[in-house]
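The file input31.txt comes next; it holds compact mmCIF, C-alpha atoms and all ligand atoms.
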```txt
# COMPACT_ATOMS: atom_id res chain seq x y z
CA MET K 26 11.99 12.59 2.29
CA ALA K 27 9.99 13.06 -0.88
CA ALA K 28 10.71 16.30 -2.75
CA PHE K 29 7.59 17.78 -4.18
CA LYS K 30 5.70 21.03 -4.35
CA THR K 31 3.21 21.63 -1.57
CA LEU K 32 0.47 24.18 -0.94
CA ASP K 33 3.23 26.51 0.31
CA ASP K 34 4.40 26.80 -3.30
CA LEU K 35 0.98 27.93 -4.55
CA ASN K 36 0.54 31.66 -5.02
CA ASP K 37 -2.35 33.76 -6.27
CA ILE K 38 -4.85 30.96 -6.50
CA ALA K 39 -7.96 33.11 -6.01
CA GLY K 40 -10.38 32.20 -8.80
CA LYS K 41 -8.29 29.23 -9.96
CA ARG K 42 -9.99 25.86 -10.41
CA VAL K 43 -8.10 23.44 -8.19
CA LEU K 44 -8.80 19.72 -8.66
CA VAL K 45 -8.17 18.09 -5.29
CA ARG K 46 -7.95 14.28 -5.19
CA VAL K 47 -9.16 13.15 -1.77
CA ASP K 48 -10.05 9.74 -0.35
CA LEU K 49 -13.69 9.67 0.69
CA ASN K 50 -13.86 5.87 0.69
CA VAL K 51 -15.24 5.94 4.22
CA PRO K 52 -16.99 3.18 6.20
CA MET K 53 -20.78 3.39 5.92
CA SER K 54 -23.68 1.66 7.59
CA ASP K 55 -27.37 2.19 6.76
CA GLY K 56 -26.49 5.11 4.48
CA LYS K 57 -24.52 6.93 7.19
CA VAL K 58 -20.79 7.50 7.44
CA THR K 59 -19.61 5.60 10.53
CA ASP K 60 -16.08 6.97 10.67
CA THR K 61 -15.15 10.45 9.44
CA THR K 62 -11.38 10.20 9.95
CA ARG K 63 -10.57 10.35 6.23
CA ILE K 64 -12.75 13.44 5.80
CA GLU K 65 -11.17 15.10 8.84
CA ARG K 66 -7.69 14.44 7.46
CA VAL K 67 -8.35 16.14 4.11
CA ALA K 68 -10.25 19.05 5.64
CA PRO K 69 -7.14 21.25 6.20
CA THR K 70 -6.20 21.14 2.49
CA ILE K 71 -9.74 21.84 1.31
CA LEU K 72 -10.34 24.68 3.75
CA GLU K 73 -6.94 26.27 3.13
CA LEU K 74 -7.53 26.35 -0.63
CA ALA K 75 -11.11 27.61 -0.26
CA GLY K 76 -9.88 30.22 2.26
CA ASP K 77 -7.40 31.45 -0.37
CA GLY K 78 -10.26 31.94 -2.82
CA ALA K 79 -9.71 28.92 -5.04
CA LYS K 80 -12.62 27.04 -6.58
CA VAL K 81 -12.09 23.70 -4.86
CA ILE K 82 -13.23 20.74 -6.96
CA LEU K 83 -13.03 17.43 -5.14
CA LEU K 84 -12.31 14.18 -6.99
CA ALA K 85 -12.79 10.88 -5.18
CA HIS K 86 -13.82 7.26 -5.53
CA PHE K 87 -16.16 5.18 -3.42
CA GLY K 88 -16.12 1.38 -3.38
CA ARG K 89 -15.25 -0.67 -6.44
CA PRO K 90 -18.00 -0.10 -9.03
CA LYS K 91 -15.65 -1.26 -11.82
CA GLY K 92 -16.56 1.42 -14.36
CA GLU K 93 -20.34 1.12 -13.93
CA VAL K 94 -22.78 3.57 -12.35
CA VAL K 95 -23.82 1.86 -9.12
CA ALA K 96 -26.40 3.86 -7.17
CA ASP K 97 -25.31 2.83 -3.69
CA MET K 98 -21.73 3.82 -4.51
CA SER K 99 -22.67 7.41 -5.29
CA LEU K 100 -20.63 10.04 -3.49
CA LYS K 101 -23.82 12.07 -3.07
CA GLN K 102 -24.54 10.16 0.11
CA ILE K 103 -21.23 11.39 1.60
CA VAL K 104 -22.00 15.11 1.06
CA PRO K 105 -23.76 15.70 4.43
CA ALA K 106 -20.81 14.19 6.35
CA VAL K 107 -18.30 16.27 4.34
CA GLU K 108 -20.31 19.44 4.98
CA GLU K 109 -20.49 18.67 8.67
CA VAL K 110 -16.76 18.06 9.04
CA LEU K 111 -15.82 21.10 6.94
CA ASP K 112 -18.57 23.29 8.39
CA HIS K 113 -18.90 24.58 4.84
CA ALA K 114 -21.43 24.07 2.06
CA VAL K 115 -20.44 21.46 -0.53
CA ALA K 116 -22.13 21.37 -3.94
CA PHE K 117 -22.41 18.11 -5.89
CA ALA K 118 -22.26 17.23 -9.61
CA ASP K 119 -23.72 13.99 -10.95
CA ASP K 120 -20.69 13.20 -13.10
CA CYS K 121 -16.98 13.89 -12.78
CA ILE K 122 -16.61 14.77 -16.48
CA GLY K 123 -18.77 16.20 -19.27
CA ASP K 124 -21.67 18.65 -19.07
CA ALA K 125 -22.76 17.93 -15.51
CA ALA K 126 -19.29 18.70 -14.17
CA ALA K 127 -18.77 21.71 -16.49
CA LYS K 128 -22.11 23.30 -15.48
CA ALA K 129 -21.49 22.83 -11.77
CA ILE K 130 -18.00 24.33 -12.10
CA ALA K 131 -19.27 27.28 -14.13
CA ALA K 132 -21.67 28.06 -11.27
CA MET K 133 -18.90 28.18 -8.65
CA HIS K 134 -17.75 31.36 -6.93
CA ASP K 135 -14.29 31.87 -5.50
CA GLY K 136 -13.94 29.88 -2.25
CA ASP K 137 -16.72 27.42 -3.16
CA ILE K 138 -16.34 23.66 -2.73
CA LEU K 139 -17.77 21.14 -5.19
CA LEU K 140 -17.67 17.35 -5.02
CA LEU K 141 -17.79 15.46 -8.32
CA GLU K 142 -19.41 12.02 -8.62
CA ASN K 143 -17.39 8.81 -8.12
CA THR K 144 -14.48 8.75 -10.58
CA ARG K 145 -14.72 4.93 -10.69
CA PHE K 146 -18.11 5.17 -12.45
CA HIS K 147 -15.92 5.50 -15.56
CA LYS K 148 -13.75 2.63 -16.82
CA GLY K 149 -11.08 5.17 -17.81
CA GLU K 150 -10.34 5.95 -14.16
CA GLU K 151 -8.73 2.65 -13.14
CA LYS K 152 -7.23 2.19 -16.63
CA ASN K 153 -5.74 5.69 -16.47
CA GLU K 154 -7.02 6.18 -20.04
CA PRO K 155 -5.64 9.28 -21.76
CA ASN K 156 -9.10 10.42 -23.01
CA PHE K 157 -10.58 10.17 -19.55
CA VAL K 158 -7.61 11.95 -17.98
CA ALA K 159 -8.00 14.74 -20.55
CA ALA K 160 -11.73 15.00 -19.75
CA LEU K 161 -10.93 15.34 -16.04
CA ALA K 162 -8.13 17.82 -16.74
CA LYS K 163 -10.53 20.12 -18.60
CA ASN K 164 -12.15 20.88 -15.25
CA GLY K 165 -9.11 22.38 -13.55
CA ASP K 166 -6.02 24.57 -13.67
CA ILE K 167 -4.05 22.91 -10.88
CA TRP K 168 -4.04 19.39 -9.40
CA VAL K 169 -3.53 18.73 -5.70
CA ASN K 170 -3.18 15.13 -4.59
CA ASP K 171 -4.19 14.68 -0.96
CA ALA K 172 -5.23 11.02 -1.20
CA PHE K 173 -2.23 9.21 0.26
CA SER K 174 -4.48 6.22 0.94
CA ALA K 175 -5.13 5.83 -2.81
CA ALA K 176 -1.56 6.70 -3.89
CA HIS K 177 -0.77 3.02 -4.59
CA ARG K 178 -3.22 3.21 -7.49
CA ALA K 179 -1.98 4.59 -10.85
CA HIS K 180 -5.46 5.80 -11.77
CA ALA K 181 -6.49 8.84 -13.81
CA SER K 182 -7.34 10.98 -10.79
CA THR K 183 -4.50 9.72 -8.57
CA GLU K 184 -1.68 9.80 -11.15
CA GLY K 185 -2.76 10.64 -14.71
CA LEU K 186 -3.69 14.24 -13.96
CA GLY K 187 -0.14 14.97 -12.83
CA HIS K 188 0.99 14.66 -16.46
CA HIS K 189 -1.45 17.35 -17.56
CA MET K 190 -1.17 20.20 -15.09
CA PRO K 191 0.92 21.62 -12.25
CA ALA K 192 0.85 19.05 -9.43
CA TYR K 193 1.07 19.68 -5.69
CA ALA K 194 0.93 17.53 -2.57
CA GLY K 195 -1.89 18.33 -0.16
CA ARG K 196 -1.34 18.73 3.58
CA THR K 197 -2.37 15.16 4.41
CA MET K 198 -0.19 13.63 1.71
CA GLN K 199 2.73 15.56 3.17
CA ALA K 200 1.88 14.73 6.79
CA GLU K 201 1.36 11.00 6.12
CA LEU K 202 4.73 10.61 4.40
CA GLU K 203 6.51 12.55 7.13
CA ALA K 204 4.83 10.57 9.92
CA LEU K 205 5.52 7.19 8.32
CA GLU K 206 9.15 8.10 7.72
CA LYS K 207 9.47 9.19 11.36
CA GLY K 208 7.70 6.14 12.81
CA LEU K 209 8.87 3.41 10.44
CA GLY K 210 11.87 4.79 8.51
CA GLU K 211 14.25 2.74 10.64
CA PRO K 212 11.96 0.54 12.71
CA LYS K 213 13.22 -1.05 15.92
CA ARG K 214 13.14 -4.85 15.79
CA PRO K 215 11.34 -7.10 16.25
CA VAL K 216 8.83 -5.70 13.79
CA VAL K 217 5.46 -7.45 13.86
CA ALA K 218 2.85 -6.87 11.15
CA ILE K 219 -0.82 -7.70 11.53
CA VAL K 220 -2.70 -8.02 8.26
CA GLY K 221 -6.38 -8.87 8.22
CA GLY K 222 -9.52 -7.52 6.61
CA ALA K 223 -11.38 -8.43 3.48
CA LYS K 224 -9.35 -7.14 0.50
CA VAL K 225 -7.51 -10.43 0.07
CA SER K 226 -6.80 -10.36 -3.66
CA THR K 227 -5.44 -6.80 -3.68
CA LYS K 228 -3.28 -7.25 -0.59
CA ILE K 229 -1.95 -10.81 -0.77
CA ASP K 230 0.78 -10.00 -3.29
CA LEU K 231 2.33 -7.35 -1.14
CA LEU K 232 2.85 -9.91 1.63
CA GLN K 233 5.61 -11.44 -0.55
CA ASN K 234 7.77 -8.37 0.05
CA LEU K 235 6.47 -7.54 3.50
CA ILE K 236 7.81 -10.82 4.91
CA GLU K 237 11.29 -9.61 4.02
CA LYS K 238 10.82 -6.49 6.14
CA VAL K 239 9.14 -7.89 9.24
CA ASP K 240 10.01 -10.53 11.84
CA ALA K 241 6.49 -11.88 12.21
CA LEU K 242 3.37 -11.61 10.10
CA VAL K 243 0.16 -12.19 12.03
CA ILE K 244 -2.69 -12.95 9.66
CA GLY K 245 -6.36 -12.51 10.56
CA GLY K 246 -9.72 -11.75 8.95
CA GLY K 247 -10.58 -13.00 5.47
CA MET K 248 -6.85 -13.11 4.68
CA ALA K 249 -6.35 -15.80 7.36
CA ASN K 250 -9.15 -17.93 5.94
CA THR K 251 -7.37 -17.93 2.59
CA PHE K 252 -4.10 -19.09 4.16
CA ILE K 253 -5.83 -21.73 6.29
CA ALA K 254 -7.64 -23.12 3.25
CA ALA K 255 -4.30 -23.16 1.40
CA LYS K 256 -3.03 -25.51 4.12
CA GLY K 257 -5.80 -27.93 3.18
CA ILE K 258 -8.12 -27.08 6.09
CA ASP K 259 -11.85 -26.77 5.33
CA VAL K 260 -13.04 -23.20 6.08
CA GLY K 261 -16.70 -23.89 5.29
CA LYS K 262 -18.50 -20.79 4.02
CA SER K 263 -15.90 -18.34 5.35
CA LEU K 264 -14.78 -15.37 3.25
CA CYS K 265 -11.91 -16.99 1.39
CA GLU K 266 -10.24 -16.64 -2.00
CA HIS K 267 -9.54 -20.27 -2.85
CA ASP K 268 -7.93 -19.37 -6.19
CA LEU K 269 -5.15 -17.62 -4.27
CA ALA K 270 -4.10 -20.80 -2.48
CA ASP K 271 -0.89 -21.10 -4.53
CA THR K 272 0.08 -17.52 -3.71
CA ALA K 273 -0.59 -18.15 -0.02
CA ARG K 274 1.51 -21.33 -0.09
CA ALA K 275 4.35 -19.49 -1.87
CA ILE K 276 4.32 -16.80 0.82
CA MET K 277 4.45 -19.40 3.60
CA ALA K 278 7.34 -21.18 1.86
CA LYS K 279 9.26 -17.92 1.32
CA ALA K 280 8.72 -16.88 4.95
CA GLU K 281 10.61 -19.99 6.05
CA THR K 282 13.64 -18.86 4.07
CA THR K 283 13.49 -15.22 5.24
CA GLY K 284 13.03 -16.18 8.89
CA CYS K 285 9.67 -14.42 9.18
CA SER K 286 7.20 -16.21 11.45
CA ILE K 287 3.75 -16.55 9.90
CA VAL K 288 1.14 -16.57 12.64
CA LEU K 289 -2.24 -18.02 11.72
CA PRO K 290 -5.29 -18.41 13.94
CA VAL K 291 -5.57 -21.64 15.92
CA ASP K 292 -9.28 -21.21 16.65
CA GLY K 293 -12.18 -19.19 15.32
CA VAL K 294 -15.63 -17.86 16.17
CA VAL K 295 -18.05 -19.22 13.62
CA ALA K 296 -21.65 -18.36 12.74
CA ARG K 297 -24.14 -19.22 10.05
CA GLU K 298 -25.38 -15.66 9.49
CA PHE K 299 -23.46 -12.43 8.91
CA LYS K 300 -25.38 -10.31 11.40
CA ALA K 301 -25.03 -8.84 14.87
CA ASN K 302 -25.54 -11.35 17.69
CA ALA K 303 -25.88 -14.28 15.29
CA ALA K 304 -25.74 -17.61 17.11
CA ASN K 305 -22.04 -18.50 17.25
CA GLU K 306 -19.55 -20.94 18.65
CA THR K 307 -15.82 -21.13 19.12
CA VAL K 308 -14.11 -24.02 17.37
CA ALA K 309 -10.59 -25.26 16.72
CA ILE K 310 -9.31 -24.07 13.34
CA ASP K 311 -9.61 -27.57 11.85
CA ALA K 312 -13.21 -27.97 13.03
CA ILE K 313 -15.06 -25.22 11.15
CA PRO K 314 -18.48 -26.67 10.22
CA ALA K 315 -19.08 -26.89 6.47
CA ASP K 316 -22.18 -24.65 6.69
CA ALA K 317 -20.58 -21.98 8.90
CA MET K 318 -18.22 -19.04 8.40
CA MET K 319 -15.41 -17.83 10.60
CA LEU K 320 -16.22 -14.23 11.48
CA ASP K 321 -13.52 -13.68 14.08
CA VAL K 322 -10.38 -15.37 15.28
CA GLY K 323 -10.92 -17.16 18.59
CA PRO K 324 -9.69 -16.48 22.15
CA GLN K 325 -6.67 -18.82 21.91
CA SER K 326 -5.60 -16.99 18.75
CA VAL K 327 -6.01 -13.62 20.48
CA LYS K 328 -3.66 -14.84 23.21
CA VAL K 329 -1.07 -15.69 20.56
CA VAL K 330 -1.57 -12.35 18.76
CA ASN K 331 -1.11 -10.44 22.02
CA GLU K 332 2.02 -12.46 22.82
CA TRP K 333 3.48 -11.32 19.50
CA ILE K 334 2.47 -7.71 20.20
CA GLY K 335 4.18 -8.12 23.60
CA LYS K 336 7.41 -9.25 21.91
CA ALA K 337 7.36 -6.48 19.30
CA GLU K 338 9.26 -3.20 19.41
CA THR K 339 7.35 -2.02 16.33
CA LEU K 340 3.84 -2.96 15.22
CA VAL K 341 2.33 -2.26 11.80
CA TRP K 342 -1.32 -3.13 11.41
CA ASN K 343 -3.76 -3.10 8.51
CA GLY K 344 -7.04 -4.96 8.43
CA PRO K 345 -9.23 -6.03 11.34
CA LEU K 346 -8.91 -9.58 12.74
CA GLY K 347 -12.63 -10.18 12.30
CA ALA K 348 -15.91 -8.64 11.17
CA PHE K 349 -15.62 -6.01 13.91
CA GLU K 350 -18.67 -4.01 12.78
CA ILE K 351 -20.99 -6.71 14.15
CA GLN K 352 -20.84 -7.93 17.73
CA PRO K 353 -19.55 -10.19 19.15
CA PHE K 354 -17.18 -10.61 16.18
CA ASP K 355 -15.27 -7.50 17.24
CA ALA K 356 -13.73 -9.26 20.26
CA ALA K 357 -10.31 -10.20 18.84
CA THR K 358 -9.76 -6.85 17.10
CA VAL K 359 -10.75 -4.91 20.23
CA SER K 360 -8.55 -7.03 22.52
CA ALA K 361 -5.46 -6.72 20.28
CA ALA K 362 -6.08 -2.99 19.74
CA LYS K 363 -6.37 -2.37 23.49
CA PHE K 364 -3.24 -4.37 24.25
CA ALA K 365 -1.23 -2.59 21.54
CA ALA K 366 -2.45 0.75 22.93
CA GLU K 367 -1.37 -0.24 26.48
CA GLN K 368 2.07 -1.29 25.27
CA THR K 369 2.41 1.98 23.36
CA LYS K 370 1.38 4.09 26.34
CA ALA K 371 3.88 2.19 28.51
CA GLY K 372 6.63 3.20 26.06
CA LYS K 373 7.27 -0.41 25.03
CA LEU K 374 5.95 -0.25 21.47
CA THR K 375 5.90 1.96 18.39
CA SER K 376 2.50 1.23 16.87
CA VAL K 377 1.42 2.33 13.40
CA ALA K 378 -1.99 1.27 12.06
CA GLY K 379 -3.89 2.27 8.97
CA GLY K 380 -6.79 1.61 6.61
CA GLY K 381 -10.33 2.96 6.38
CA ASP K 382 -11.85 0.11 8.37
CA THR K 383 -8.85 -0.38 10.63
CA VAL K 384 -9.09 3.24 11.81
CA SER K 385 -12.80 2.70 12.37
CA ALA K 386 -12.01 -0.46 14.39
CA LEU K 387 -9.51 1.42 16.57
CA ASN K 388 -12.13 4.09 17.16
CA HIS K 389 -14.60 1.36 18.08
CA ALA K 390 -12.06 -0.01 20.57
CA GLY K 391 -11.59 3.52 21.96
CA VAL K 392 -7.82 3.55 21.37
CA LYS K 393 -7.31 5.52 18.16
CA ASP K 394 -5.45 8.28 19.99
CA ASP K 395 -3.22 5.85 21.87
CA PHE K 396 -1.34 4.49 18.86
CA THR K 397 1.95 6.12 17.87
CA TYR K 398 0.49 6.97 14.48
CA VAL K 399 -2.74 6.20 12.71
CA SER K 400 -2.63 6.48 8.93
CA THR K 401 -5.67 6.92 6.70
CA ALA K 402 -4.06 4.38 4.39
CA GLY K 403 -4.16 0.59 4.46
CA GLY K 404 -2.87 -0.93 1.22
CA ALA K 405 -0.90 2.23 0.39
CA PHE K 406 0.84 2.23 3.73
CA LEU K 407 1.76 -1.46 3.45
CA GLU K 408 3.15 -0.84 -0.04
CA TRP K 409 5.14 2.12 1.31
CA MET K 410 6.40 -0.23 4.05
CA GLU K 411 7.50 -2.73 1.36
CA GLY K 412 9.66 0.03 -0.08
CA LYS K 413 7.58 0.38 -3.23
CA VAL K 414 7.34 3.67 -5.11
CA LEU K 415 3.71 4.75 -4.94
CA PRO K 416 2.55 6.12 -8.32
CA GLY K 417 0.47 8.87 -6.71
CA VAL K 418 3.57 10.09 -4.85
CA ALA K 419 6.08 9.54 -7.67
CA ILE K 420 4.11 11.79 -10.03
CA LEU K 421 4.36 14.62 -7.48
CA GLU K 422 8.13 14.23 -7.36
CA LYS K 423 8.55 14.74 -11.10
N1 LIG B 501 -13.49 -13.19 8.93
C1 LIG B 501 -14.07 -12.21 8.24
N2 LIG B 501 -15.15 -12.45 7.44
C2 LIG B 501 -15.73 -11.46 6.74
N3 LIG B 501 -15.32 -10.17 6.75
C3 LIG B 501 -14.26 -9.88 7.52
C4 LIG B 501 -13.59 -10.85 8.30
N4 LIG B 501 -12.58 -10.24 8.95
C5 LIG B 501 -12.62 -8.94 8.60
N5 LIG B 501 -13.63 -8.70 7.75
C6 LIG B 501 -14.02 -7.41 7.14
O1 LIG B 501 -12.90 -6.77 6.56
C7 LIG B 501 -13.26 -5.40 6.35
C8 LIG B 501 -12.04 -4.53 6.36
O2 LIG B 501 -11.10 -4.96 5.41
P1 LIG B 501 -10.14 -4.00 4.59
O3 LIG B 501 -10.96 -3.13 3.69
O4 LIG B 501 -9.12 -4.87 3.97
O5 LIG B 501 -9.49 -3.09 5.74
P2 LIG B 501 -8.99 -1.57 5.70
O6 LIG B 501 -10.13 -0.73 5.17
O7 LIG B 501 -8.64 -1.22 7.10
O8 LIG B 501 -7.81 -1.55 4.78
C9 LIG B 501 -14.25 -5.08 7.45
O9 LIG B 501 -15.43 -4.57 6.86
C10 LIG B 501 -14.51 -6.42 8.16
O10 LIG B 501 -15.87 -6.66 8.45
O1 LIG B 502 -9.90 2.24 1.21
C1 LIG B 502 -8.84 2.25 0.59
O2 LIG B 502 -7.80 1.44 0.88
P1 LIG B 502 -7.64 0.49 2.19
O3 LIG B 502 -8.80 -0.46 2.26
O4 LIG B 502 -6.35 -0.21 1.93
O5 LIG B 502 -7.58 1.36 3.40
C2 LIG B 502 -8.55 3.24 -0.51
O6 LIG B 502 -9.64 4.10 -0.69
C3 LIG B 502 -8.20 2.51 -1.81
O7 LIG B 502 -9.31 1.76 -2.24
P2 LIG B 502 -9.09 0.50 -3.25
O8 LIG B 502 -8.36 -0.58 -2.46
O9 LIG B 502 -10.48 0.08 -3.66
O10 LIG B 502 -8.26 1.01 -4.39
```
Rendering of file as structure tokens:
Amino acid sequence: MAAFKTLDDLNDIAGKRVLVRVDLNVPMSDGKVTDTTRIERVAPTILELAGDGAKVILLAHFGRPKGEVVADMSLKQIVPAVEEVLDHAVAFADDCIGDAAAKAIAAMHDGDILLLENTRFHKGEEKNEPNFVAALAKNGDIWVNDAFSAAHRAHASTEGLGHHMPAYAGRTMQAELEALEKGLGEPKRPVVAIVGGAKVSTKIDLLQNLIEKVDALVIGGGMANTFIAAKGIDVGKSLCEHDLADTARAIMAKAETTGCSIVLPVDGVVAREFKANAANETVAIDAIPADAMMLDVGPQSVKVVNEWIGKAETLVWNGPLGAFEIQPFDAATVSAAKFAAEQTKAGKLTSVAGGGDTVSALNHAGVKDDFTYVSTAGGAFLEWMEGKVLPGVAILEK
């Protein structure tokens, strides 16, 4: 188990400025937070520190603005949801460094909570630039990292700050690592992984290592489209990263040597518009019309996915099988989630799922509480599963 300092090692923090890295990259629709799980998970750390009289300064990212100020990626829109979950007022500063941050911090009283604007509005965040890290560090006396779900990123606020000030793990960071170790430290075989979702380019590389750890890799969502296209099948207008075809082919070739079964959809539900109740049809995987996009894997594929879940002793899942936020493209994700929940409740399966949207999908299916463990993390948890050292955890162990 990781050896790092936790909140238990913090004494006399009344009046201290504590920079707390949290993950508020929550699913949103029409300007409203649709799943508050990530906020709920960081609430204990925030409230404990505020209760001890610290000035709690929250650092977080939202979306991928790539160093630009993008209005609809402002964290300001998240403030009402954070206040509601915490049942505590949360002030907001329009920048995470500079005058705006300094003024807002100067106005804080002991026990106050302040959220700073999206760290990714600055290029220095993702580059972990020393000047940007120093500008962030000016705002605090102590750094607490409670963003396990962003711990696979060596960014200024997730890693850099640990070089500048005393670093502590928050309650969620601690709990996530303990739970994953307990559930997946020595997983019972067969281990089946389901990987879907939309973050194809940032997740495809980790599949190279994952196929060495699991007995079957079931691929859905936008990730599946990329693999199907790599096999030379036309995926029409589906979400697909064609330039990753070589990577996808290399993974399929390596899987043959490691004995990991790669399970791709055999049919899909296609539509011409990305909206709820769009006219749709189910087609064989090699019959996707050129002007349509696959928004869900089809019923034959769901049967295959559920057969694999039935064979598994351990299931790890990140990324929905389809665009579950819009009906009826939630069908495959809901069916697989319900079946995995049933198997878990019957004592036949250890099921661990994670990721901002995956948690939201399990909530949508009504089974979030029926999995063995639900992590806030998607990419981070898969990288942990690969056996990689996560930079945001390693810095705490120093
Ligand atoms: N076939 C598809 N086409 C377009 N989007 C998809 C498809 N399948 C899944 N998605 C989208 O993937 C998103 C979740 O992906 P991702 O961010 O990788 O998951 P997580 O947040 O759980 O790690 C969802 O918003 C979902 O709508
Ligand atoms: O939502 C997140 O990860 P996830 O989609 O893997 O669950 C984290 O906030 C990390 O975001 P990033 O993948 O843009 O670095």
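The list of residues with at least one atom within 10 Å of K:Asp268, based on all atoms listed in the file and without residues fewer than 6 positions apart in the same chain, reads K:Ser226, K:Thr251, K:Ala255.
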**Message:** Let me see if you get this right: every residue at most 8 Å from ligand LIG 501 (chain B), counting all atoms listed in the file, written as a PyMOL selection string.
**Reply:** chain K and resi 52+221-225+228+245-250+263-264+318-322+343-351+379-385+402-404
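Relative to atom CA of K:Ile122, atom CA of K:Leu161 is found at 5.7 Å.
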**Message:** Would you pick out the contacts of K:Leu374 at 9 Å or less, using all atoms listed in the file, so that residues sharing its chain but fewer than 5 positions from it are not included, and give the list as number ranges by chain?
**Reply:** K: 334-335, 337-340, 365-369, 397
**Prompt:** If you count all atoms listed in the file, which residues fall within 7 Å of K:Met190, apart from same-chain ones fewer than 5 positions away, as a ChimeraX atom specification?
**Reply:** /K:166-168
Return as JSON the box centre and box size in Å, one decimal, for an axis-aligned box around all listed atoms of ligand LIG 502 (chain B) padded by 3 Å per side.
```
{"center_x": -8.4, "center_y": 1.8, "center_z": -0.5, "size_x": 10.1, "size_y": 10.7, "size_z": 13.8}
```
Polymer residues at most 8 Å from K:Val377, all atoms listed in the file, same-chain spacing of 4 or more positions, as a PDB file with C-alpha atoms, keeping the file's coordinate frame:
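Dumped everything to around-v8.pdb:
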```pdb
ATOM      1  CA  GLY K 208       7.700   6.140  12.810  1.00  0.00           C
ATOM      2  CA  THR K 339       7.350  -2.020  16.330  1.00  0.00           C
ATOM      3  CA  LEU K 340       3.840  -2.960  15.220  1.00  0.00           C
ATOM      4  CA  VAL K 341       2.330  -2.260  11.800  1.00  0.00           C
ATOM      5  CA  TRP K 342      -1.320  -3.130  11.410  1.00  0.00           C
ATOM      6  CA  PHE K 396      -1.340   4.490  18.860  1.00  0.00           C
ATOM      7  CA  THR K 397       1.950   6.120  17.870  1.00  0.00           C
ATOM      8  CA  TYR K 398       0.490   6.970  14.480  1.00  0.00           C
ATOM      9  CA  VAL K 399      -2.740   6.200  12.710  1.00  0.00           C
ATOM     10  CA  SER K 400      -2.630   6.480   8.930  1.00  0.00           C
TER      11      SER K 400
END
```
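Proximity to ligand LIG 502 (chain B) was assessed for K:Thr227, K:Thr61, K:Thr282, K:Thr70 counting all atoms listed in the file; the smallest distance is recorded for K:Thr227.
Look at everything within 7 Å of (3.4, 2.1, -3.8) using only C-alpha atoms, and the residues you get are Ala176, His177, Ala405, Glu408, Trp409, Lys413, Val414, Leu415 and Pro416 of chain K.
Among the candidates K:Ala181, K:Leu407, K:Ala275, K:Ile258, the residue lying nearest to ligand LIG 502 (chain B) is K:Leu407 (atoms considered: only C-alpha atoms and all ligand atoms).
Applying the 12 Å criterion to (-7.8, 17.4, 7.9) in file coordinates and using only C-alpha atoms, one obtains the residues Val47, Asp48, Thr61, Thr62, Arg63, Ile64, Glu65, Arg66, Val67, Ala68, Pro69, Thr70, Ile71, Leu72, Glu73, Val107, Val110, Leu111, Asp171, Ala172, Gly195, Arg196, Thr197, Met198, Gln199, Ala200, Glu201 and Thr401 of chain K.
Between atom CA of K:Ala357 and atom CA of K:Ala301 lies a distance of 15.3 Å.
Residues in contact range of stretch 34-42 of chain K, defined as at most 8 Å between all atoms listed in the file, with sequence neighbours fewer than 5 positions away removed, read Leu74, Asp77, Gly78, Ala79, Lys80, Val81, Ile82, His134, Asp135, Gly136, Asn164, Gly165, Asp166 and Ile167 of chain K.
Distance annotation: of K:Leu231, K:Ile310, K:Val216, K:Val329, the residue with the minimal separation from K:Asp292 is K:Ile310; atom set is all atoms listed in the file.
Remark: for ligand LIG 502 (chain B), the closest of the candidate residues K:Phe252, K:Phe87, K:Phe364, K:Phe117 is K:Phe87 (distances computed over all atoms listed in the file).
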**Asked** Which one is closest to ligand LIG 502 (chain B): K:Val220, K:Ala278, K:Ile420, K:Ala75? Count only C-alpha atoms and all ligand atoms.
**Response** K:Val220
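Atom CA of K:Val58 is found 17.6 Å from atom CA of K:Ser174.
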**Message:** Considering all atoms listed in the file, can you say which of K:Ile253, K:Ala132, K:Cys285, K:Ala179 comes closest to ligand LIG 502 (chain B)?
**Reply:** K:Ala179
Please fill the gaps in stretch 104-110 of chain K so it has N, CA and C atoms, and write that as a compact mmCIF listing (two decimals), in the coordinates of the input.
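Full text of rebuild_13.txt as output:
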```txt
# COMPACT_ATOMS: atom_id res chain seq x y z
N VAL K 104 -22.02 13.63 0.98
CA VAL K 104 -22.00 15.11 1.06
C VAL K 104 -22.35 15.63 2.47
N PRO K 105 -23.43 15.14 3.11
CA PRO K 105 -23.76 15.70 4.43
C PRO K 105 -22.60 15.55 5.43
N ALA K 106 -21.93 14.40 5.40
CA ALA K 106 -20.81 14.19 6.35
C ALA K 106 -19.65 15.13 6.02
N VAL K 107 -19.40 15.36 4.72
CA VAL K 107 -18.30 16.27 4.34
C VAL K 107 -18.65 17.70 4.79
N GLU K 108 -19.90 18.09 4.57
CA GLU K 108 -20.31 19.44 4.98
C GLU K 108 -20.18 19.61 6.48
N GLU K 109 -20.54 18.56 7.21
CA GLU K 109 -20.49 18.67 8.67
C GLU K 109 -19.04 18.82 9.16
N VAL K 110 -18.16 17.98 8.61
CA VAL K 110 -16.76 18.06 9.04
C VAL K 110 -16.15 19.40 8.65
```
